[in-house]
Amino acid sequence: HTFVTSPIQTSFTDMHTETPSPQDIYLKTKTQVLPTTLPGTTATSLFVSDASAGDTERPSYYVLGVVPPVIRDPPTKIPPGYVPPDADVSYYIRQDMYAIEGNGVSVDCTEIEADPLARMWVELPPDGTRLDPGDTVGRFSVVRNNDRSLTLNIADVMVGDEGTYRCVAQNSLGGAIVGTDTADSQLTVYRPPKITNNVTRIDGNLVDPLPGPVPVVETPPDRTVVFACQAAIGKPPPDVDWYIGNTKISATGRYIIQPDGSLMIRNARQSDAVDYRCEARNIVGTDQSFVSLKVEEPDQMWQMIPGPCSHTCGGLGSQIIAPKCIRESDGAEVDDAFCSGQDKPDARREPCGRQRCLARWETDTYGACSATCDGTQERDVWCQQVQADGRIVRVPDSVCDIDDLRLEPISTRTCGVECEEYAWTVELYGECSAQCGEGVQTREVFCVRMVGTSSVRVPNRECENRGLSMPATSRPCDPANLCRYEVSEWSDCSTSCDLGIQTRTVVCRKITDTGTVAVPLQECENDPDLTKPITQRPCFSRCPCEFPRWEVGSYSPCPVSCEGGDEAKQTRSVDCKCSIGGNPPQVADDKDCAQLIKPRDTRPCGQERCPCIDHYWLSGPYGECSLSCGTIGQRKRTVDCICFRNGERETTNILRCHQGSRPAETEVCYPPPCPCSLVRWAAGNYSECSKTCNGEQTRPVYCVCDDNGETVDDDVCIAATAAARPPAQRRCNDECPCIKHRYRISSWSYCSVTCGAGIQTRKAGCLCSRENVYEETTDRATCESEIGSPFPISERPCYTPCPCQDLSYRPGEWSPCIPNECDGYRNRTLSCYCDGVIIDMRHCDAKYIRRPHERIRCRHCPFIWQPGPWSECDANCRRRRTVYCKNSETGEKVPKSYCHAHSTMAKPDRSEHCTYTGDKRKITWEVTAWSDCSKPCLIAGRQGTKRRSVTCVDRCNRVKADGCNPRSRPRHLMRCNNFPCDNTQCKDVKGWNCTFVRKNNMCNEPEWNYRCCASCAVSLYGDD
């Protein structure tokens, strides 16, 4: 061995004479070094730069001139519990990292010495997934800053990202690892609180607050109100507090803050009617919710409120009059609980809709068609109205022009098929049959059927059968007087290639007995049956192709995105183009480019491997508990990120799955208790008294193991110690005062007089609760003081209008004429008088008195309705006429809207009844609609009946006593309502004198029959 040492360089050389040369191995502190063979020798040398005397004491890799990597420590330390700003934050490796959910985090990692340079990467929790510089996985990316530094970026941090992040630096020489250094940082993610439950309960029942800037909850006094405020979202878990204004509520007296953050208010009073604020707070945020409590005073009463009418007109409607709990102060409907201290009246049904309906257009069916083709059909169109008593009557058309917003239906329409016509069609004459002498010219003549604008050829007999004379099909001709054109052969094309022209000569020759002679062209042109031949025409010969080349288009889209196999291909167009005759290149035949290699027109595509989709978490079963005995242990399970590739399930990187929904890998387990040598009884503090009187206090009592201070089953203390178990409850507040004062109010009585001014009375008292049982007290002063409102009145005035002897409309004076285009109008007021006193207009309207006009026209317009003459009376006993609008000054016809808007006259009827004198009368039975059933259900085992009238009439509604067939007479009586009655179907309506109705035989009226069903059952329903 040769050792040459200097302060600058040290070399180690080992010379060998053996053949083959053995491998040299240099050992120092058991480290193998790979040698380098010197060129041209069998010597192996190793050089160490900057050698020093201390190299002999250093590890072998220093002797070899290499340095392992070292990761730099952070310049500052982050204190525990640091609260990051509400923005993206940056850290150095080895620092504890803190972030708010949704923000970004960056961590820098730098190595300060390494020779050769180290490779650096980052390992992610929980399974050490490796990310090299330039890698991006989901929200995680690694960026190289320079040769010795990199940065890990985490976007939109989530709670599931918590864990230990590791930076790794490693270098190597000749395939051997020189050294590795690592540094860890722990990430903690904070989440601001969020209130997720703010429902309200009153006495355990859910209620909906009234909407507004601050939701309002209404409650009667002495109820238990619970405002929920649960902040299920937040890390660290938030603290929940309640405030009135800026004053924090303490859990004392009637205010109780429950473990879930809810605020309970017991025995709500008027003083509790304030705004409440719930605040959830942790170190990174605050969330608030507001609610306002309103404690209602006892000013509610039952009022009978009418419901919607089933039919608003025509006298067929009914409505339910139901009791509603109404607050007298503002007339608002409140919950029935506010009127619970009063007797609730019964609901009742009353008739309604006792007024006329708006008029509507009605139509009859169309009559027969007037002709088999191009005919017309007519129908009757009239205006119909349902009266207040339910009768259906015809009214003038002018009523529908005002009431019915629809256009007046048409009364006439076309019918039948389009009529057919037949005619002869002739063609042009042909050539003469002889070239000399007399000949014949013929032409084709045929029959056609025309329907509308189309025509069809038919046999000639169709025209002949209809008496149409057939035109001549031939005529004589003399060829001696005929001329004709003669042409020469076409010339050669004017160009050798591309587009050119060919020409020929055209002459006119006249046919004579000795042959043909040339005549001027004018002779042939004067003959209308001759067509002059053309003298020139285009010609084309293909020019040679110059500069041929292949031209390709773009590839079509790939039919599949991945793993397409041999069938997945893209196509493109490949065309041969060349210049012909110096023109721009154009598409030519492929043979013109045959000397060139043709590009391919297809290529494979979609061969890549399909991506893995539909990522989800798959968790395995939990393992055994970490403790065999004790209090709380832990057990683990595997949680994998699963995806589907081509329908097959496979495991992938956990960062591909949503971290926020990742199942837990561990859970708490509870092993059986460990054996205990010494146990004793222990008890906690008593709770507050459960009631203000005759209440109870409780405390926890448990068995404790002295060996470890843990709680064990009570059976262990019972078996191991003679000491008695301490009591877990005791009584408190034995004396019960009378509390929760409230007024008891009955409903107002009927007015003391049937009409005029009278008095209503009610009963009022004071109640208080003793052990949840209300009792009456005479201490009015205490009652008014506790409730905070004066004692309710027991008497009030009332007024009921008396029936009118003289009920009528009285109009006022007409106003001056108010112009309006060509028309004008006057107005006047209208009043309703009862015995000389003005009352509400609805009283007069309800009595169906004819209401005087409140507006009349006062200016002349020239537009009037003009009826035409009546038609003959038809078989339906109706005659018709046309009615149109015209200008009386000019006599011209104008749109109907002019008369509707400005005419003072009613529109004349377009049809009316008439006496038919023909012999086509049709006698038939006419029936009306069925009446209501006489019984609502089976009464005394019998069902009801319904009736209708059956009359024999002719088609003009003239009654014929003996003209109908008795055997075909429809039935006029039918059984109905064959089902048992229930408790609600047949009973007397409260408030009606049903005894009077039954005694005076009024049960036959359907209205009284309904209201006094039970009383009328014996008299009216005794038999059918």
# chains A, B, ... in the order shown; residues from 1 in each chain; ligands from 1

$ select_by_dssp --residues "range 411-595 of chain A" --states "strand (DSSP E or B)" --output "short mmCIF file (atom, residue, chain, number, x, y, z; two decimals) with N, CA and C atoms, in the first residue's frame"
data_model
loop_
_atom_site.label_atom_id
_atom_site.label_comp_id
_atom_site.auth_asym_id
_atom_site.auth_seq_id
_atom_site.Cartn_x
_atom_site.Cartn_y
_atom_site.Cartn_z
N THR A 412 -121.87 30.34 -37.48
CA THR A 412 -121.84 29.69 -38.79
C THR A 412 -120.42 29.22 -39.08
N ARG A 413 -120.30 28.02 -39.70
CA ARG A 413 -119.01 27.52 -40.12
C ARG A 413 -119.17 26.72 -41.41
N THR A 414 -118.06 26.58 -42.13
CA THR A 414 -118.09 25.80 -43.37
C THR A 414 -118.10 24.32 -43.05
N CYS A 415 -118.60 23.52 -43.98
CA CYS A 415 -118.68 22.07 -43.76
C CYS A 415 -118.63 21.36 -45.11
N VAL A 417 -116.90 18.43 -47.85
CA VAL A 417 -115.61 18.37 -48.53
C VAL A 417 -115.56 19.46 -49.60
N GLU A 420 -115.65 19.03 -56.26
CA GLU A 420 -114.83 18.57 -57.37
C GLU A 420 -115.36 19.16 -58.69
N GLU A 421 -114.45 19.52 -59.61
CA GLU A 421 -114.80 20.00 -60.95
C GLU A 421 -114.04 19.18 -61.98
N TYR A 422 -114.70 18.94 -63.13
CA TYR A 422 -114.11 18.15 -64.21
C TYR A 422 -113.96 19.05 -65.44
N ALA A 423 -112.86 18.85 -66.22
CA ALA A 423 -112.60 19.66 -67.42
C ALA A 423 -111.69 18.88 -68.35
N TRP A 424 -111.74 19.29 -69.68
CA TRP A 424 -110.86 18.70 -70.68
C TRP A 424 -109.54 19.45 -70.69
N THR A 425 -108.44 18.73 -70.87
CA THR A 425 -107.12 19.32 -70.99
C THR A 425 -106.53 18.88 -72.34
N VAL A 426 -105.97 19.83 -73.13
CA VAL A 426 -105.45 19.53 -74.47
C VAL A 426 -103.96 19.80 -74.50
N GLY A 439 -101.83 16.13 -95.08
CA GLY A 439 -101.57 15.23 -93.95
C GLY A 439 -102.44 15.59 -92.74
N VAL A 440 -102.14 14.99 -91.59
CA VAL A 440 -102.92 15.20 -90.37
C VAL A 440 -101.96 15.46 -89.20
N GLN A 441 -102.35 16.45 -88.39
CA GLN A 441 -101.66 16.71 -87.11
C GLN A 441 -102.58 16.28 -85.98
N THR A 442 -102.03 15.57 -84.97
CA THR A 442 -102.84 15.09 -83.82
C THR A 442 -102.30 15.68 -82.51
N VAL A 445 -105.92 14.71 -75.93
CA VAL A 445 -106.99 15.36 -75.16
C VAL A 445 -107.44 14.38 -74.09
N PHE A 446 -107.45 14.83 -72.79
CA PHE A 446 -107.84 13.93 -71.70
C PHE A 446 -108.61 14.71 -70.64
N CYS A 447 -109.32 13.96 -69.79
CA CYS A 447 -110.18 14.54 -68.74
C CYS A 447 -109.42 14.60 -67.42
N VAL A 448 -109.60 15.70 -66.65
CA VAL A 448 -108.97 15.85 -65.33
C VAL A 448 -110.04 16.23 -64.31
N ARG A 449 -109.80 15.77 -63.05
CA ARG A 449 -110.65 16.16 -61.91
C ARG A 449 -109.88 17.16 -61.07
N MET A 450 -110.49 18.34 -60.81
CA MET A 450 -109.83 19.42 -60.05
C MET A 450 -110.50 19.54 -58.68
N VAL A 451 -109.66 19.45 -57.61
CA VAL A 451 -110.13 19.63 -56.22
C VAL A 451 -109.26 20.72 -55.62
N SER A 454 -105.39 21.41 -56.89
CA SER A 454 -104.75 20.23 -57.46
C SER A 454 -105.67 19.59 -58.51
N SER A 455 -105.05 18.86 -59.45
CA SER A 455 -105.82 18.19 -60.50
C SER A 455 -105.26 16.79 -60.70
N VAL A 456 -106.15 15.83 -61.09
CA VAL A 456 -105.79 14.44 -61.29
C VAL A 456 -106.42 13.97 -62.59
N ARG A 457 -105.64 13.27 -63.40
CA ARG A 457 -106.17 12.72 -64.66
C ARG A 457 -107.09 11.55 -64.36
N VAL A 458 -108.28 11.55 -65.03
CA VAL A 458 -109.28 10.50 -64.83
C VAL A 458 -109.72 10.00 -66.21
N SER A 474 -107.50 16.17 -83.74
CA SER A 474 -106.67 16.24 -84.96
C SER A 474 -107.14 17.39 -85.83
N ARG A 475 -106.22 17.75 -86.80
CA ARG A 475 -106.54 18.78 -87.77
C ARG A 475 -105.73 18.51 -89.05
N PRO A 476 -106.22 18.94 -90.21
CA PRO A 476 -105.48 18.72 -91.45
C PRO A 476 -104.26 19.63 -91.55
N CYS A 477 -103.25 19.19 -92.33
CA CYS A 477 -102.05 19.99 -92.51
C CYS A 477 -101.53 19.82 -93.93
N CYS A 483 -91.95 24.97 -93.33
CA CYS A 483 -90.53 25.26 -93.30
C CYS A 483 -89.90 24.51 -92.15
N ARG A 484 -88.58 24.32 -92.22
CA ARG A 484 -87.89 23.63 -91.14
C ARG A 484 -86.45 24.12 -91.07
N TYR A 485 -85.88 23.93 -89.86
CA TYR A 485 -84.49 24.30 -89.64
C TYR A 485 -83.59 23.11 -90.00
N GLU A 486 -82.38 23.41 -90.57
CA GLU A 486 -81.36 22.41 -90.79
C GLU A 486 -80.06 22.91 -90.19
N VAL A 487 -79.27 22.01 -89.57
CA VAL A 487 -78.05 22.40 -88.86
C VAL A 487 -76.88 21.60 -89.41
N ASP A 498 -59.31 22.64 -70.80
CA ASP A 498 -60.15 23.55 -70.01
C ASP A 498 -61.42 23.88 -70.79
N LEU A 499 -62.15 24.93 -70.43
CA LEU A 499 -63.46 25.27 -70.96
C LEU A 499 -63.32 26.01 -72.30
N GLY A 500 -64.10 25.59 -73.33
CA GLY A 500 -64.10 26.24 -74.63
C GLY A 500 -65.49 26.29 -75.23
N ILE A 501 -65.61 26.53 -76.57
CA ILE A 501 -66.89 26.70 -77.25
C ILE A 501 -66.87 25.91 -78.56
N GLN A 502 -68.02 25.25 -78.88
CA GLN A 502 -68.25 24.61 -80.16
C GLN A 502 -69.37 25.36 -80.89
N THR A 503 -69.26 25.50 -82.21
CA THR A 503 -70.25 26.22 -83.00
C THR A 503 -70.74 25.35 -84.16
N VAL A 506 -76.97 27.24 -88.73
CA VAL A 506 -78.40 26.93 -88.75
C VAL A 506 -79.00 27.65 -89.95
N VAL A 507 -79.70 26.92 -90.86
CA VAL A 507 -80.36 27.50 -92.04
C VAL A 507 -81.82 27.10 -92.04
N CYS A 508 -82.65 27.88 -92.76
CA CYS A 508 -84.08 27.59 -92.90
C CYS A 508 -84.33 27.10 -94.32
N ARG A 509 -85.01 25.95 -94.43
CA ARG A 509 -85.30 25.38 -95.74
C ARG A 509 -86.80 25.13 -95.84
N LYS A 510 -87.34 25.43 -97.04
CA LYS A 510 -88.77 25.27 -97.29
C LYS A 510 -88.99 24.01 -98.10
N ILE A 511 -90.02 23.25 -97.71
CA ILE A 511 -90.34 21.99 -98.37
C ILE A 511 -91.23 22.31 -99.58
N THR A 512 -90.79 21.84 -100.76
CA THR A 512 -91.57 22.01 -102.00
C THR A 512 -91.81 20.65 -102.64
N GLY A 515 -88.51 19.14 -103.61
CA GLY A 515 -87.47 19.01 -102.58
C GLY A 515 -87.50 20.19 -101.63
N THR A 516 -86.30 20.57 -101.12
CA THR A 516 -86.24 21.69 -100.19
C THR A 516 -85.35 22.76 -100.79
N VAL A 517 -85.68 24.00 -100.48
CA VAL A 517 -84.89 25.14 -100.93
C VAL A 517 -84.60 26.02 -99.72
N ALA A 518 -83.41 26.66 -99.73
CA ALA A 518 -83.02 27.56 -98.63
C ALA A 518 -83.79 28.85 -98.73
N VAL A 519 -84.28 29.31 -97.63
CA VAL A 519 -85.01 30.57 -97.52
C VAL A 519 -84.41 31.35 -96.35
N GLN A 536 -74.27 27.52 -80.67
CA GLN A 536 -73.02 27.25 -79.98
C GLN A 536 -73.30 26.61 -78.63
N ARG A 537 -72.27 25.88 -78.12
CA ARG A 537 -72.41 25.22 -76.83
C ARG A 537 -71.03 25.12 -76.17
N PRO A 538 -70.98 25.07 -74.84
CA PRO A 538 -69.69 24.96 -74.15
C PRO A 538 -69.11 23.56 -74.32
N CYS A 539 -67.77 23.49 -74.29
CA CYS A 539 -67.07 22.22 -74.34
C CYS A 539 -65.93 22.23 -73.34
N PHE A 540 -65.46 21.09 -72.94
CA PHE A 540 -64.43 21.01 -71.90
C PHE A 540 -63.55 19.79 -72.15
N SER A 541 -62.25 20.01 -72.07
CA SER A 541 -61.29 18.91 -72.10
C SER A 541 -60.30 19.11 -70.98
N CYS A 545 -52.37 17.76 -65.05
CA CYS A 545 -52.25 18.13 -63.63
C CYS A 545 -50.80 18.53 -63.33
N GLU A 546 -50.57 19.72 -62.73
CA GLU A 546 -49.23 20.22 -62.42
C GLU A 546 -49.07 20.37 -60.91
N PHE A 547 -47.88 20.13 -60.44
CA PHE A 547 -47.53 20.27 -59.02
C PHE A 547 -48.49 19.51 -58.11
N PRO A 548 -48.63 18.19 -58.30
CA PRO A 548 -49.57 17.43 -57.43
C PRO A 548 -49.02 17.32 -56.00
N ARG A 549 -49.93 17.25 -55.07
CA ARG A 549 -49.55 17.05 -53.66
C ARG A 549 -50.77 16.51 -52.89
N TRP A 550 -50.43 15.82 -51.77
CA TRP A 550 -51.50 15.32 -50.88
C TRP A 550 -51.82 16.40 -49.84
N GLU A 551 -53.09 16.64 -49.60
CA GLU A 551 -53.52 17.62 -48.59
C GLU A 551 -54.42 16.91 -47.57
N VAL A 552 -54.06 17.05 -46.27
CA VAL A 552 -54.78 16.32 -45.21
C VAL A 552 -55.59 17.30 -44.37
N LYS A 569 -60.44 4.53 -33.32
CA LYS A 569 -59.60 5.20 -34.31
C LYS A 569 -60.14 6.59 -34.60
N GLN A 570 -59.23 7.47 -35.06
CA GLN A 570 -59.59 8.80 -35.55
C GLN A 570 -59.38 8.81 -37.06
N THR A 571 -60.24 9.50 -37.76
CA THR A 571 -60.15 9.58 -39.22
C THR A 571 -59.97 11.02 -39.66
N VAL A 574 -57.93 12.86 -46.77
CA VAL A 574 -56.66 12.94 -47.50
C VAL A 574 -57.01 13.10 -48.98
N ASP A 575 -56.78 14.30 -49.55
CA ASP A 575 -57.17 14.62 -50.92
C ASP A 575 -55.94 14.94 -51.76
N CYS A 576 -56.01 14.54 -53.04
CA CYS A 576 -54.95 14.90 -54.01
C CYS A 576 -55.33 16.22 -54.65
N LYS A 577 -54.44 17.21 -54.62
CA LYS A 577 -54.68 18.52 -55.21
C LYS A 577 -53.54 18.86 -56.15
N CYS A 578 -53.88 19.56 -57.24
CA CYS A 578 -52.87 20.01 -58.19
C CYS A 578 -53.40 21.22 -58.94
N SER A 579 -52.49 21.91 -59.66
CA SER A 579 -52.86 23.09 -60.46
C SER A 579 -53.10 22.65 -61.88
N ILE A 580 -54.19 23.09 -62.48
CA ILE A 580 -54.55 22.74 -63.85
C ILE A 580 -54.69 24.02 -64.64
N GLN A 586 -56.69 22.58 -56.98
CA GLN A 586 -58.02 22.06 -56.74
C GLN A 586 -57.95 20.54 -56.61
N VAL A 587 -59.02 19.96 -56.07
CA VAL A 587 -59.06 18.51 -55.84
C VAL A 587 -59.02 17.77 -57.17
N ALA A 588 -58.13 16.76 -57.24
CA ALA A 588 -57.97 15.96 -58.45
C ALA A 588 -58.14 14.48 -58.10
#

$ residues_around --residues "range 693-698 of chain A" --least-positions-apart "3" --cutoff "9 Å" --atoms "only C-alpha atoms" --output "list in words"
Asn685, Tyr686, Ser687, Glu688, Cys689, Ser690, Pro727, Ala728, Gln729, Arg730, Arg731, Cys732, Asn733, Asp734, Glu735, Cys736, Pro737, Arg770 and Glu771 of chain A

$ atom_distance --atom1 "CA of Glu431 in chain A" --atom2 "CA of Trp490 in chain A"
25.7 Å

$ atom_distance --atom1 "CA of Ser141 in chain A" --atom2 "CA of Val159 in chain A"
17.9 Å

$ closest_residue --among "A:Asn246, A:Ile233, A:Val66, A:Val837" --to "Asn171 in chain A" --atoms "only C-alpha atoms"
A:Val66

$ residues_around --residues "range 821-836 of chain A" --least-positions-apart "5" --cutoff "8 Å" --atoms "only C-alpha atoms" --output "PyMOL selection string"
chain A and resi 804-816+841+843-844+852+854-861+902

$ residues_around --residues "Gly891 in chain A" --least-positions-apart "6" --cutoff "12 Å" --atoms "only C-alpha atoms" --output "tab-separated table (two decimals) with all heavy atoms, in the first residue's frame"
chain	number	residue	atom	x	y	z
A	862	PRO	N	-122.67	58.43	-33.19
A	862	PRO	CA	-123.39	57.99	-34.40
A	862	PRO	C	-123.41	56.49	-34.59
A	862	PRO	O	-123.89	56.02	-35.61
A	862	PRO	CB	-122.59	58.67	-35.53
A	862	PRO	CG	-121.21	58.75	-34.99
A	862	PRO	CD	-121.36	59.00	-33.51
A	863	PHE	N	-122.91	55.71	-33.63
A	863	PHE	CA	-122.82	54.27	-33.83
A	863	PHE	C	-124.06	53.58	-33.28
A	863	PHE	O	-124.41	53.77	-32.10
A	863	PHE	CB	-121.56	53.71	-33.16
A	863	PHE	CG	-120.30	54.41	-33.58
A	863	PHE	CD1	-119.52	55.08	-32.65
A	863	PHE	CD2	-119.93	54.42	-34.91
A	863	PHE	CE1	-118.38	55.74	-33.05
A	863	PHE	CE2	-118.78	55.07	-35.31
A	863	PHE	CZ	-118.00	55.74	-34.38
A	864	ILE	N	-124.72	52.80	-34.10
A	864	ILE	CA	-125.95	52.11	-33.70
A	864	ILE	C	-125.88	50.67	-34.19
A	864	ILE	O	-125.12	50.33	-35.10
A	864	ILE	CB	-127.21	52.80	-34.28
A	864	ILE	CG1	-127.16	52.78	-35.81
A	864	ILE	CG2	-127.33	54.22	-33.74
A	864	ILE	CD1	-128.43	53.27	-36.46
A	865	TRP	N	-126.71	49.81	-33.55
A	865	TRP	CA	-126.86	48.42	-33.99
A	865	TRP	C	-127.87	48.36	-35.13
A	865	TRP	O	-128.96	48.94	-35.04
A	865	TRP	CB	-127.32	47.52	-32.85
A	865	TRP	CG	-126.31	47.33	-31.74
A	865	TRP	CD1	-126.35	47.86	-30.50
A	865	TRP	CD2	-125.15	46.55	-31.82
A	865	TRP	NE1	-125.26	47.48	-29.77
A	865	TRP	CE2	-124.49	46.65	-30.56
A	865	TRP	CE3	-124.56	45.77	-32.81
A	865	TRP	CZ2	-123.31	46.01	-30.28
A	865	TRP	CZ3	-123.38	45.12	-32.53
A	865	TRP	CH2	-122.75	45.25	-31.29
A	866	GLN	N	-127.52	47.67	-36.18
A	866	GLN	CA	-128.40	47.54	-37.35
A	866	GLN	C	-128.75	46.07	-37.56
A	866	GLN	O	-127.88	45.28	-37.94
A	866	GLN	CB	-127.73	48.10	-38.60
A	866	GLN	CG	-128.57	48.00	-39.85
A	866	GLN	CD	-129.86	48.83	-39.75
A	866	GLN	OE1	-129.82	49.99	-39.34
A	866	GLN	NE2	-130.99	48.24	-40.07
A	884	TYR	N	-125.21	43.95	-37.04
A	884	TYR	CA	-123.89	44.57	-37.15
A	884	TYR	C	-123.96	46.00	-36.67
A	884	TYR	O	-125.04	46.57	-36.46
A	884	TYR	CB	-123.38	44.49	-38.60
A	884	TYR	CG	-124.25	45.21	-39.62
A	884	TYR	CD1	-124.01	46.55	-39.95
A	884	TYR	CD2	-125.30	44.55	-40.27
A	884	TYR	CE1	-124.79	47.20	-40.87
A	884	TYR	CE2	-126.09	45.20	-41.19
A	884	TYR	CZ	-125.84	46.54	-41.50
A	884	TYR	OH	-126.61	47.19	-42.40
A	885	CYS	N	-122.80	46.61	-36.50
A	885	CYS	CA	-122.68	47.99	-36.01
A	885	CYS	C	-122.41	48.89	-37.21
A	885	CYS	O	-121.56	48.57	-38.05
A	885	CYS	CB	-121.56	48.09	-34.97
A	885	CYS	SG	-121.38	49.75	-34.25

$ residues_around --residues "range 200-210 of chain A" --least-positions-apart "4" --cutoff "8 Å" --atoms "only C-alpha atoms" --output "CSV table (one decimal) with C-alpha atoms, in the first residue's frame"
chain,number,residue,atom,x,y,z
A,215,PRO,CA,-88.2,36.3,15.1
A,216,VAL,CA,-91.0,36.8,17.6
A,217,VAL,CA,-92.4,33.9,19.8
A,218,GLU,CA,-95.9,34.5,21.4
A,219,THR,CA,-96.9,32.6,24.5
A,223,ARG,CA,-95.9,28.6,30.3
A,224,THR,CA,-92.5,27.0,30.1
A,225,VAL,CA,-90.6,28.4,27.1
A,226,VAL,CA,-87.3,26.8,25.8
A,227,PHE,CA,-85.1,28.5,23.2
A,228,ALA,CA,-82.6,26.1,21.7

$ closest_residue --among "A:Ser310, A:Gln634, A:Thr247, A:Gln258" --to "Arg277 in chain A" --atoms "only C-alpha atoms"
A:Thr247

$ atom_distance --atom1 "CA of Asn465 in chain A" --atom2 "CA of Glu418 in chain A"
20.5 Å

$ closest_residue --among "A:Val997, A:Val89, A:Met301, A:Cys976" --to "Val107 in chain A" --atoms "only C-alpha atoms"
A:Val89

$ closest_atom_pairs --of "range 622-690 of chain A" --to "range 128-134 of chain A" --cutoff "9 Å" --atoms "only C-alpha atoms" --output "Markdown table"
| residue | atom | partner | partner_atom | distance |
| --- | --- | --- | --- | --- |
| A:Asn653 | CA | A:Thr129 | CA | 7.8 |
| A:Ile654 | CA | A:Thr129 | CA | 8.5 |
| A:Leu655 | CA | A:Thr129 | CA | 8.6 |

$ residues_around --residues "Ile78 in chain A" --least-positions-apart "4" --cutoff "8 Å" --atoms "only C-alpha atoms" --output "count of residues only"
3

$ select_by_dssp --residues "range 710-829 of chain A" --states "helix (DSSP H, G or I)" --output "PyMOL selection string"
chain A and resi 714-720+780-787
